[in-house]
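Structure data follow from input-v2.csv (CSV, C-alpha atoms and all ligand atoms):
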```
chain,number,residue,atom,x,y,z
B,1102,MET,CA,84.7,75.3,96.7
B,1103,ALA,CA,87.7,75.7,98.9
B,1104,LYS,CA,88.6,74.1,102.2
B,1105,ILE,CA,89.1,77.0,104.6
B,1106,THR,CA,90.2,76.9,108.2
B,1107,ILE,CA,89.8,80.0,110.3
B,1108,LEU,CA,92.0,80.3,113.4
B,1109,GLY,CA,90.2,82.4,116.1
B,1110,SER,CA,86.5,82.4,116.8
B,1111,GLY,CA,86.3,86.1,117.7
B,1112,GLY,CA,84.2,88.7,115.9
B,1113,PHE,CA,86.3,88.8,112.7
B,1114,GLY,CA,87.0,85.1,112.4
B,1115,LEU,CA,83.3,84.3,112.8
B,1116,SER,CA,82.2,86.9,110.4
B,1117,LEU,CA,84.5,85.5,107.8
B,1118,ALA,CA,83.3,82.0,108.6
B,1119,VAL,CA,79.7,83.0,108.1
B,1120,MET,CA,80.5,84.7,104.8
B,1121,CYS,CA,82.6,81.9,103.5
B,1122,SER,CA,80.1,79.3,104.4
B,1123,ARG,CA,77.3,81.3,102.7
B,1124,ALA,CA,79.5,81.3,99.6
B,1125,GLY,CA,79.6,77.5,99.6
B,1126,HIS,CA,83.1,76.9,101.0
B,1127,ASP,CA,84.0,74.1,103.4
B,1128,VAL,CA,84.7,76.0,106.6
B,1129,THR,CA,86.3,75.0,109.9
B,1130,VAL,CA,86.7,77.4,112.8
B,1131,TRP,CA,89.3,76.7,115.5
B,1132,SER,CA,89.5,78.3,118.9
B,1133,LYS,CA,92.0,77.8,121.7
B,1134,PHE,CA,89.1,78.4,124.1
B,1135,GLN,CA,86.7,75.5,124.7
B,1136,ASP,CA,84.0,77.9,126.1
B,1137,GLU,CA,83.9,79.9,122.9
B,1138,ILE,CA,83.3,76.7,120.8
B,1139,ASP,CA,80.8,75.3,123.4
B,1140,THR,CA,78.8,78.5,123.4
B,1141,ILE,CA,78.5,78.7,119.6
B,1142,LYS,CA,77.5,75.0,119.5
B,1143,ARG,CA,74.9,75.6,122.2
B,1144,THR,CA,73.4,78.9,121.1
B,1145,GLY,CA,74.4,79.2,117.4
B,1146,GLU,CA,76.3,82.5,118.1
B,1147,LEU,CA,79.0,84.1,120.2
B,1148,LYS,CA,77.2,87.0,121.7
B,1149,SER,CA,80.2,88.3,123.5
B,1150,LYS,CA,82.1,88.8,120.2
B,1151,LEU,CA,79.5,88.9,117.4
B,1152,PRO,CA,76.0,89.3,118.7
B,1153,GLY,CA,73.1,88.5,116.5
B,1154,VAL,CA,75.1,86.7,113.8
B,1155,ILE,CA,74.2,83.0,113.6
B,1156,VAL,CA,77.0,80.6,112.6
B,1157,PRO,CA,75.6,78.1,110.1
B,1158,GLU,CA,75.4,74.5,111.2
B,1159,ASN,CA,77.7,73.3,108.5
B,1160,VAL,CA,80.6,75.3,109.9
B,1161,ARG,CA,82.9,72.8,111.7
B,1162,LEU,CA,83.8,74.1,115.2
B,1163,THR,CA,86.8,72.7,117.1
B,1164,THR,CA,89.5,73.2,119.6
B,1165,ASP,CA,91.6,70.5,117.9
B,1166,VAL,CA,94.1,72.5,115.8
B,1167,SER,CA,95.1,69.3,113.9
B,1168,LEU,CA,91.9,69.8,111.9
B,1169,VAL,CA,93.7,72.5,110.0
B,1170,LYS,CA,95.4,69.7,108.0
B,1171,GLY,CA,94.6,69.7,104.3
B,1172,SER,CA,93.2,73.3,104.1
B,1173,ASP,CA,93.5,75.2,100.9
B,1174,MET,CA,93.5,78.4,102.9
B,1175,VAL,CA,94.2,79.1,106.6
B,1176,ILE,CA,92.9,82.5,107.8
B,1177,LEU,CA,94.3,84.0,111.0
B,1178,GLY,CA,91.7,86.0,113.0
B,1179,ILE,CA,93.8,86.4,116.2
B,1180,PRO,CA,94.8,89.6,117.9
B,1181,SER,CA,98.3,90.6,116.7
B,1182,ALA,CA,99.9,90.0,120.2
B,1183,PHE,CA,99.1,86.3,120.0
B,1184,CYS,CA,99.5,85.6,116.3
B,1185,ARG,CA,103.0,84.1,116.5
B,1186,LYS,CA,102.0,81.7,119.3
B,1187,VAL,CA,99.0,80.5,117.4
B,1188,CYS,CA,101.1,80.1,114.2
B,1189,GLU,CA,103.5,77.9,116.2
B,1190,GLU,CA,100.7,75.8,117.5
B,1191,ALA,CA,99.1,75.2,114.1
B,1192,LYS,CA,102.4,74.8,112.2
B,1193,PRO,CA,102.9,71.0,112.7
B,1194,TYR,CA,99.6,70.4,110.9
B,1195,ILE,CA,99.8,72.9,108.0
B,1196,GLY,CA,101.2,71.5,104.8
B,1197,LYS,CA,103.3,73.7,102.5
B,1198,ASP,CA,100.5,73.9,99.9
B,1199,SER,CA,98.1,75.8,102.2
B,1200,ILE,CA,97.9,79.6,101.7
B,1201,ILE,CA,98.1,81.5,104.9
B,1202,VAL,CA,96.1,84.7,105.2
B,1203,ASN,CA,96.7,87.0,108.2
B,1204,THR,CA,93.9,89.5,109.0
B,1205,ALA,CA,95.4,90.8,112.3
B,1206,LYS,CA,96.0,94.6,112.5
B,1207,GLY,CA,98.9,95.6,114.6
B,1208,LEU,CA,102.6,95.3,115.2
B,1209,GLU,CA,104.1,92.5,117.2
B,1210,PRO,CA,104.9,93.6,120.8
B,1211,GLY,CA,108.7,93.6,121.4
B,1212,THR,CA,109.9,93.0,117.9
B,1213,LEU,CA,107.7,95.7,116.3
B,1214,LYS,CA,107.3,93.4,113.3
B,1215,LEU,CA,104.4,93.5,110.8
B,1216,MET,CA,102.0,90.6,110.8
B,1217,SER,CA,103.2,89.6,107.3
B,1218,GLU,CA,106.7,89.2,108.8
B,1219,VAL,CA,105.3,87.1,111.6
B,1220,THR,CA,103.4,84.9,109.2
B,1221,ASP,CA,106.4,84.6,106.8
B,1222,GLU,CA,108.8,83.7,109.6
B,1223,SER,CA,106.4,81.1,111.0
B,1224,PHE,CA,105.6,79.5,107.6
B,1225,PRO,CA,108.7,80.0,105.5
B,1226,GLU,CA,107.6,77.3,103.0
B,1227,ASN,CA,104.1,78.6,102.5
B,1228,ARG,CA,102.7,81.3,100.3
B,1229,THR,CA,101.1,84.1,102.4
B,1230,ALA,CA,98.9,87.2,102.2
B,1231,ILE,CA,97.3,89.8,104.4
B,1232,LEU,CA,93.9,91.3,104.3
B,1233,SER,CA,93.3,94.9,105.3
B,1234,GLY,CA,90.6,97.6,104.8
B,1235,PRO,CA,87.4,98.9,106.2
B,1236,SER,CA,85.6,95.8,107.4
B,1237,HIS,CA,83.7,95.7,110.7
B,1238,ALA,CA,82.9,92.1,111.6
B,1239,GLU,CA,79.4,93.2,112.6
B,1240,GLU,CA,78.6,94.3,109.1
B,1241,ILE,CA,80.4,91.4,107.2
B,1242,GLY,CA,78.4,89.0,109.4
B,1243,ARG,CA,75.2,90.6,108.2
B,1244,GLY,CA,76.1,90.5,104.6
B,1245,ILE,CA,76.5,94.3,104.3
B,1246,PRO,CA,78.5,95.3,101.2
B,1247,THR,CA,82.2,95.6,102.2
B,1248,THR,CA,85.4,96.2,100.2
B,1249,ILE,CA,88.9,95.3,101.4
B,1250,VAL,CA,92.4,94.7,99.9
B,1251,VAL,CA,94.6,91.6,99.7
B,1252,ALA,CA,98.4,92.1,99.6
B,1253,SER,CA,101.0,89.4,98.9
B,1254,GLU,CA,104.6,89.0,97.7
B,1255,ASP,CA,103.0,86.7,95.1
B,1256,ARG,CA,100.4,88.2,92.8
B,1257,ASP,CA,99.0,84.8,92.0
B,1258,VAL,CA,98.2,84.3,95.7
B,1259,SER,CA,96.5,87.7,95.8
B,1260,TYR,CA,94.4,86.7,92.8
B,1261,TYR,CA,93.6,83.3,94.4
B,1262,VAL,CA,92.4,85.0,97.6
B,1263,GLN,CA,90.5,87.6,95.6
B,1264,ASN,CA,88.7,85.0,93.5
B,1265,THR,CA,88.1,82.6,96.4
B,1266,LEU,CA,86.7,85.1,99.0
B,1267,SER,CA,85.0,87.7,96.8
B,1268,ASN,CA,81.2,87.5,96.5
B,1269,LYS,CA,78.2,89.8,96.0
B,1270,THR,CA,78.7,91.4,99.4
B,1271,PHE,CA,82.4,91.2,99.8
B,1272,ARG,CA,84.7,92.7,97.2
B,1273,ILE,CA,88.4,92.3,97.3
B,1274,TYR,CA,90.9,94.5,95.5
B,1275,VAL,CA,94.5,93.5,95.0
B,1276,ASN,CA,97.3,95.9,96.2
B,1277,ASP,CA,101.0,94.9,96.0
B,1278,ASP,CA,102.1,97.2,98.7
B,1279,ILE,CA,102.2,94.9,101.8
B,1280,VAL,CA,103.9,97.4,104.1
B,1281,GLY,CA,101.5,100.2,103.2
B,1282,CYS,CA,98.4,98.1,103.6
B,1283,GLU,CA,99.6,96.8,107.0
B,1284,ILE,CA,100.8,100.1,108.3
B,1285,GLY,CA,97.5,101.8,107.3
B,1286,GLY,CA,95.4,99.1,108.8
B,1287,SER,CA,97.4,98.9,112.1
B,1288,LEU,CA,98.1,102.5,112.9
B,1289,LYS,CA,94.6,103.7,112.1
B,1290,ASN,CA,93.6,102.1,115.4
B,1291,ILE,CA,95.7,104.8,117.2
B,1292,ILE,CA,93.9,107.6,115.4
B,1293,ALA,CA,90.6,105.9,116.2
B,1294,LEU,CA,91.4,105.9,119.9
B,1295,ALA,CA,92.4,109.5,119.7
B,1296,ALA,CA,89.2,110.4,117.8
B,1297,GLY,CA,87.3,108.7,120.6
B,1298,VAL,CA,89.1,110.8,123.1
B,1299,CYS,CA,88.1,113.9,121.3
B,1300,ASP,CA,84.5,112.7,121.2
B,1301,GLY,CA,84.7,111.9,124.9
B,1302,LEU,CA,86.0,115.4,125.6
B,1303,GLY,CA,83.0,116.8,123.7
B,1304,LEU,CA,85.1,118.4,121.0
B,1305,GLY,CA,83.7,119.0,117.5
B,1306,ASP,CA,83.7,117.9,113.9
B,1307,ASN,CA,86.5,120.3,113.0
B,1308,THR,CA,88.7,118.6,115.6
B,1309,LYS,CA,87.9,115.1,114.3
B,1310,ALA,CA,88.5,116.1,110.7
B,1311,ALA,CA,91.9,117.6,111.7
B,1312,LEU,CA,92.8,114.5,113.7
B,1313,MET,CA,92.0,112.1,110.9
B,1314,THR,CA,93.8,114.1,108.2
B,1315,ARG,CA,96.9,114.8,110.2
B,1316,GLY,CA,96.7,111.3,111.6
B,1317,LEU,CA,96.8,109.9,108.1
B,1318,THR,CA,99.8,112.2,107.4
B,1319,GLU,CA,101.8,110.7,110.2
B,1320,ILE,CA,100.8,107.1,109.4
B,1321,ALA,CA,101.9,107.7,105.8
B,1322,ARG,CA,105.1,109.3,106.9
B,1323,ILE,CA,106.3,106.3,108.9
B,1324,GLY,CA,104.9,103.9,106.3
B,1325,MET,CA,106.8,105.6,103.5
B,1326,ALA,CA,110.0,105.5,105.7
B,1327,MET,CA,109.4,101.7,105.9
B,1328,GLY,CA,109.1,101.4,102.1
B,1329,ALA,CA,105.3,101.9,101.6
B,1330,GLN,CA,103.9,103.6,98.5
B,1331,ARG,CA,102.2,107.0,99.0
B,1332,SER,CA,99.2,106.0,96.9
B,1333,THR,CA,98.3,103.2,99.2
B,1334,PHE,CA,97.3,105.6,101.9
B,1335,SER,CA,94.6,107.1,99.7
B,1336,GLY,CA,93.1,103.6,99.3
B,1337,LEU,CA,90.9,101.2,101.3
B,1338,SER,CA,93.6,100.3,103.8
B,1339,GLY,CA,94.5,103.9,104.3
B,1340,ILE,CA,91.8,106.6,104.3
B,1341,GLY,CA,89.1,103.9,103.9
B,1342,ASP,CA,90.0,102.1,107.1
B,1343,LEU,CA,90.6,105.4,108.9
B,1344,ILE,CA,87.1,106.7,108.1
B,1345,VAL,CA,85.4,103.5,109.2
B,1346,THR,CA,87.3,103.3,112.5
B,1347,CYS,CA,87.1,106.9,113.5
B,1348,THR,CA,83.4,107.4,112.8
B,1349,SER,CA,81.8,104.2,113.9
B,1350,MET,CA,80.5,102.9,117.2
B,1351,HIS,CA,81.4,99.4,116.1
B,1352,SER,CA,85.1,100.5,116.6
B,1353,ARG,CA,86.2,99.3,120.0
B,1354,ASN,CA,89.2,101.6,119.8
B,1355,ARG,CA,87.0,104.6,119.4
B,1356,ARG,CA,84.7,103.4,122.2
B,1357,ALA,CA,87.7,103.0,124.5
B,1358,GLY,CA,88.8,106.5,123.5
B,1359,ILE,CA,85.4,108.0,124.3
B,1360,LEU,CA,85.6,106.6,127.8
B,1361,ILE,CA,89.1,107.9,128.3
B,1362,GLY,CA,88.0,111.4,127.1
B,1363,GLN,CA,85.2,111.2,129.6
B,1364,GLY,CA,87.7,110.6,132.4
B,1365,VAL,CA,87.9,106.8,132.7
B,1366,ALA,CA,91.5,105.6,133.4
B,1367,PRO,CA,93.0,104.2,130.1
B,1368,ASP,CA,93.6,100.6,131.5
B,1369,GLU,CA,90.1,100.5,132.9
B,1370,ALA,CA,88.6,101.8,129.6
B,1371,VAL,CA,90.4,98.9,127.7
B,1372,ARG,CA,89.2,96.4,130.3
B,1373,ARG,CA,85.6,97.5,129.8
B,1374,VAL,CA,85.7,97.4,126.0
B,1375,GLY,CA,87.7,94.2,125.4
B,1376,THR,CA,90.1,93.8,122.4
B,1377,VAL,CA,91.4,97.4,121.9
B,1378,GLU,CA,94.4,96.9,119.6
B,1379,GLY,CA,95.1,100.6,119.3
B,1380,TYR,CA,96.2,100.6,123.0
B,1381,GLU,CA,99.2,98.2,122.4
B,1382,CYS,CA,99.7,99.6,119.0
B,1383,THR,CA,100.2,103.1,120.3
B,1384,LYS,CA,103.1,101.9,122.4
B,1385,ASN,CA,104.5,99.9,119.6
B,1386,ALA,CA,104.2,102.7,117.0
B,1387,TYR,CA,105.7,105.2,119.5
B,1388,GLU,CA,108.7,102.9,119.9
B,1389,LEU,CA,109.0,102.4,116.1
B,1390,SER,CA,108.8,106.2,115.5
B,1391,LYS,CA,111.6,106.8,117.9
B,1392,LYS,CA,113.7,103.9,116.4
B,1393,LEU,CA,113.2,105.3,112.9
B,1394,GLY,CA,113.4,108.9,113.8
B,1395,ILE,CA,110.0,109.7,112.4
B,1396,GLU,CA,107.8,112.5,113.9
B,1397,MET,CA,104.4,111.3,114.9
B,1398,PRO,CA,102.9,114.0,117.1
B,1399,ILE,CA,99.4,112.5,117.6
B,1400,THR,CA,100.8,109.1,118.4
B,1401,GLU,CA,103.2,110.7,120.8
B,1402,GLN,CA,100.5,112.6,122.6
B,1403,LEU,CA,98.2,109.6,122.8
B,1404,TYR,CA,101.1,107.6,124.2
B,1405,GLY,CA,101.4,110.2,126.9
B,1406,VAL,CA,97.7,110.0,127.7
B,1407,LEU,CA,97.6,106.1,127.8
B,1408,PHE,CA,100.9,105.4,129.5
B,1409,GLY,CA,102.3,108.7,131.0
B,1410,GLY,CA,99.4,110.2,132.9
B,1411,VAL,CA,99.0,113.1,130.5
B,1412,LEU,CA,95.5,114.6,130.7
B,1413,PRO,CA,93.6,114.3,127.3
B,1414,LYS,CA,92.8,118.1,127.3
B,1415,ASP,CA,96.4,118.9,127.8
B,1416,SER,CA,97.5,116.7,124.9
B,1417,ILE,CA,95.1,118.7,122.6
B,1418,ILE,CA,96.6,122.0,123.8
B,1419,THR,CA,100.1,120.6,123.1
B,1420,LEU,CA,99.1,119.5,119.6
B,1421,MET,CA,97.6,122.9,118.8
B,1422,SER,CA,100.6,124.7,120.2
B,1423,ARG,CA,103.2,123.0,118.0
B,1424,PRO,CA,105.2,125.3,115.7
B,1425,THR,CA,103.2,126.2,112.6
B,1426,LYS,CA,104.3,124.5,109.4
B,1427,ASN,CA,103.6,123.9,105.7
B,1428,GLU,CA,100.9,121.3,105.2
B,1429,THR,CA,102.6,119.7,102.3
B,1430,GLU,CA,106.2,119.8,103.5
B,1431,ASP,CA,106.6,116.1,104.0
B,1432,GLY,CA,104.8,112.7,104.1
B,1433,PHE,CA,101.6,111.9,102.4
B,1434,LEU,CA,100.8,115.3,101.1
B,1435,GLY,CA,104.3,116.2,100.2
B,1436,ARG,CA,106.5,115.4,97.2
B,1501,LIG,N1,86.6,93.0,114.4
B,1501,LIG,C1,86.8,93.5,113.2
B,1501,LIG,O1,85.9,94.2,112.7
B,1501,LIG,C2,88.1,93.3,112.5
B,1501,LIG,C3,88.2,93.8,111.2
B,1501,LIG,C4,89.4,93.6,110.5
B,1501,LIG,C5,90.5,93.0,111.2
B,1501,LIG,N2,90.3,92.6,112.4
B,1501,LIG,C6,91.5,91.9,113.1
B,1501,LIG,O2,91.2,90.6,113.4
B,1501,LIG,C7,91.9,90.2,114.6
B,1501,LIG,C8,90.9,89.6,115.6
B,1501,LIG,O3,90.0,90.6,115.9
B,1501,LIG,P1,88.6,90.3,116.5
B,1501,LIG,O4,87.8,91.5,116.3
B,1501,LIG,O5,88.1,89.0,115.9
B,1501,LIG,O6,88.9,90.1,118.1
B,1501,LIG,P2,88.1,89.4,119.2
B,1501,LIG,O7,88.5,89.9,120.5
B,1501,LIG,O8,86.6,89.5,118.8
B,1501,LIG,O9,88.5,87.8,119.1
B,1501,LIG,C9,89.7,87.4,119.1
B,1501,LIG,C10,89.7,85.9,119.1
B,1501,LIG,O10,91.1,85.4,119.0
B,1501,LIG,C11,91.3,84.3,119.8
B,1501,LIG,N3,92.3,84.5,120.8
B,1501,LIG,C12,92.4,85.6,121.6
B,1501,LIG,N4,93.4,85.5,122.4
B,1501,LIG,C13,94.1,84.3,122.1
B,1501,LIG,C14,95.2,83.7,122.5
B,1501,LIG,N5,96.0,84.2,123.5
B,1501,LIG,N6,95.5,82.5,122.0
B,1501,LIG,C15,94.8,82.0,121.0
B,1501,LIG,N7,93.7,82.6,120.5
B,1501,LIG,C16,93.3,83.7,121.0
B,1501,LIG,C17,90.0,83.9,120.4
B,1501,LIG,O11,89.3,82.9,119.7
B,1501,LIG,C18,89.2,85.2,120.4
B,1501,LIG,O12,87.8,85.1,120.3
B,1501,LIG,C19,92.5,91.5,115.1
B,1501,LIG,O13,93.9,91.6,114.9
B,1501,LIG,C20,91.8,92.6,114.4
B,1501,LIG,O14,92.6,93.7,114.2
B,1501,LIG,C21,89.2,92.7,113.1
```
Whole structure, structure tokens version:
Amino acid sequence: MAKITILGSGGFGLSLAVMCSRAGHDVTVWSKFQDEIDTIKRTGELKSKLPGVIVPENVRLTTDVSLVKGSDMVILGIPSAFCRKVCEEAKPYIGKDSIIVNTAKGLEPGTLKLMSEVTDESFPENRTAILSGPSHAEEIGRGIPTTIVVASEDRDVSYYVQNTLSNKTFRIYVNDDIVGCEIGGSLKNIIALAAGVCDGLGLGDNTKAALMTRGLTEIARIGMAMGAQRSTFSGLSGIGDLIVTCTSMHSRNRRAGILIGQGVAPDEAVRRVGTVEGYECTKNAYELSKKLGIEMPITEQLYGVLFGGVLPKDSIITLMSRPTKNETEDGFLGR
């Protein structure tokens, strides 16, 4: 049994709490927001984030971040934009023996850093890891078989996380490519938003397949420029996460995209759906692609739709009118 503290009582944090508690661990969930904790205590669940999943009574619920003290493992389930702030808040109470696991998918606004960098900078004395892969909270919370990857600078940490969190419904693979796992997990949200836009426009399966395949190509292209391994993009945090996000109605990115394709203004679509990390991530990845000089045509078009007033149907025409090229000339499918 491990003492695990989960920071963040949103959908993902709670789904992990439920799973870890079922597996017999000592689990504490912290939220910055009193109303989240009060609602779970009162009703047993947080309908606004993870409806229908009851949090077991033996999960400790708190807004007191000092309770993180003495944890074997601290799991961050906070949207990427707020991760650094939460790390700073929790830091005074986290000993150097705690292993910090970040599950956020996204780049840090402004710095464009990976979440592993944010975690490492916040906790330079701790051993850290990230989780990535196809893992809807709604399904983890219901015990539906799920597979993900753990990546860390330190293989022993990966094995520890793998052994501690794996169970009959949750299977963790080790992957040493932190950059690849994070870039796959973060940038797939952009493609999921774009896939939703195509659905909202009423386009077909051909279009969706094209978007996912060429989307993975541009994700891999920037990932490899940052040092990722090509093979990671064929794995759970690459194609795996892309499939689950682009095809499921659990995906808030895809749901926001559908609204945008149907004519709802992008900021209004995000307001209606809630946490839509692909929105910020499109801006961040667009900036990163310009900084690194990497071509990302789908990201660039979605950026135009979200922030530049480009009409979704015009962005599709632009993508289809690009100069023809060899499919394998660079990136994921190239040499
Ligand atoms: N939902 C999923 O299926 C899923 C799967 C894999 C990874 N993730 C990642 O987990 C992270 C959290 O996602 P989620 O789905 O749980 O989001 P969510 O919107 O359901 O919940 C986020 C939670 O984070 C906390 N939070 C939000 N803003 C905060 C702030 N300013 N300061 C402190 N705490 C704050 C709150 O407790 C909130 O409930 C994201 O980065 C997401 O990419 C989610």
Within 7 Å of region 1236-1245 of chain B, counting all atoms listed in the file, which residues qualify if same-chain residues fewer than 3 places away don't, as a ChimeraX atom specification? /B:1112-1113,1116,1119-1120,1151,1154,1249,1270,1351
Using only C-alpha atoms and all ligand atoms, which protein or nucleic acid residues are at most 9 Å from ligand LIG 1501 (chain B), as a PyMOL selection string? chain B and resi 1108-1116+1131-1134+1137-1138+1147+1149-1151+1177-1184+1186-1187+1203-1207+1232-1241+1286-1287+1290+1351-1353+1375-1379
Find, counting all atoms listed in the file, the residue in B:Phe1408, B:Asp1136, B:Val1130, B:Gly1301 that gets nearest to Asp1165 (chain B).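 Going through B:Phe1408, B:Asp1136, B:Val1130, B:Gly1301 one by one, the smallest distance to Asp1165 (chain B) is for B:Val1130.
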Between CA of Ile1417 (chain B) and CA of Arg1373 (chain B), distance in Å (one decimal):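 Computing it gives 24.3 Å between the two atoms.
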Which residues are close to Lys1142 (chain B), i.e. within 9 Å by all atoms listed in the file, leaving aside same-chain residues fewer than 3 positions away? Reply as an MDAnalysis selection string. chainID B and resid 1137:1139 1145:1146 1156 1158 1162
Compute the distance from (83.2, 77.0, 94.1) to each atom, counting all atoms listed in the file, keep the residues with any atom at most 10 Å away, and return them as a ChimeraX atom specification; use the coordinates of the file. /B:1102-1103,1124-1127,1264-1265
Neighbour list for Lys1214 (chain B) as JSON, numbers by chain, cut-off 12 Å, all atoms listed in the file, skip fewer than 2 positions in-chain: {"B": [1181, 1182, 1184, 1185, 1206, 1207, 1208, 1209, 1210, 1211, 1212, 1216, 1217, 1218, 1219, 1220, 1221, 1222, 1280, 1283, 1284, 1287, 1327, 1382, 1385, 1386, 1388, 1389]}
For Glu1369 (chain B): contacts at 12 Å, all atoms listed in the file, fewer than 6 positions along chain excluded, given as number ranges by chain: B: 1357-1358, 1360-1361, 1375, 1377, 1380, 1407
Long-range neighbours of region 1310-1313 of chain B as a list in words, 9 Å cut-off, only C-alpha atoms, 5 positions minimum in chain: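 Once the nearby chain positions are removed, what remains is Lys1289, Ile1292, Ala1293, Ala1295, Ala1296, Cys1299, Gly1305, Thr1318, Ile1340, Leu1343, Ile1344, Cys1347 and Ile1399 of chain B.
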For the selection just defined, write its residues with C-alpha atoms to a file, as an mmCIF file, in the coordinates of the input.
```cif
data_model
loop_
_atom_site.group_PDB
_atom_site.id
_atom_site.type_symbol
_atom_site.label_atom_id
_atom_site.label_comp_id
_atom_site.auth_asym_id
_atom_site.auth_seq_id
_atom_site.Cartn_x
_atom_site.Cartn_y
_atom_site.Cartn_z
ATOM 1 C CA LYS B 1289 94.600 103.700 112.100
ATOM 2 C CA ILE B 1292 93.900 107.600 115.400
ATOM 3 C CA ALA B 1293 90.600 105.900 116.200
ATOM 4 C CA ALA B 1295 92.400 109.500 119.700
ATOM 5 C CA ALA B 1296 89.200 110.400 117.800
ATOM 6 C CA CYS B 1299 88.100 113.900 121.300
ATOM 7 C CA GLY B 1305 83.700 119.000 117.500
ATOM 8 C CA THR B 1318 99.800 112.200 107.400
ATOM 9 C CA ILE B 1340 91.800 106.600 104.300
ATOM 10 C CA LEU B 1343 90.600 105.400 108.900
ATOM 11 C CA ILE B 1344 87.100 106.700 108.100
ATOM 12 C CA CYS B 1347 87.100 106.900 113.500
ATOM 13 C CA ILE B 1399 99.400 112.500 117.600
#
```
Return the single residue from B:Lys1269, B:Lys1392, B:Ser1122, B:Met1174 that is closest to Arg1161 (chain B), with distances computed using all atoms listed in the file.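 For Arg1161 (chain B), the nearest of the given residues is B:Ser1122.
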Here's a test: counting all atoms listed in the file, identify every protein, DNA and RNA residue with an atom at most 8 Å from (98.8, 69.1, 114.1) in the file's coordinate frame, and state them as JSON, numbers by chain. {"B": [1166, 1167, 1168, 1169, 1170, 1190, 1191, 1192, 1193, 1194, 1195]}
Atomic separation - CA of Val1202 (chain B) relative to CA of Glu1319 (chain B), Å: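 CA of Glu1319 (chain B) sits 27.1 Å away from CA of Val1202 (chain B).
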One decimal, in Å: what's the spacing between CA of Leu1288 (chain B) and CA of Met1397 (chain B)? 11.0 Å
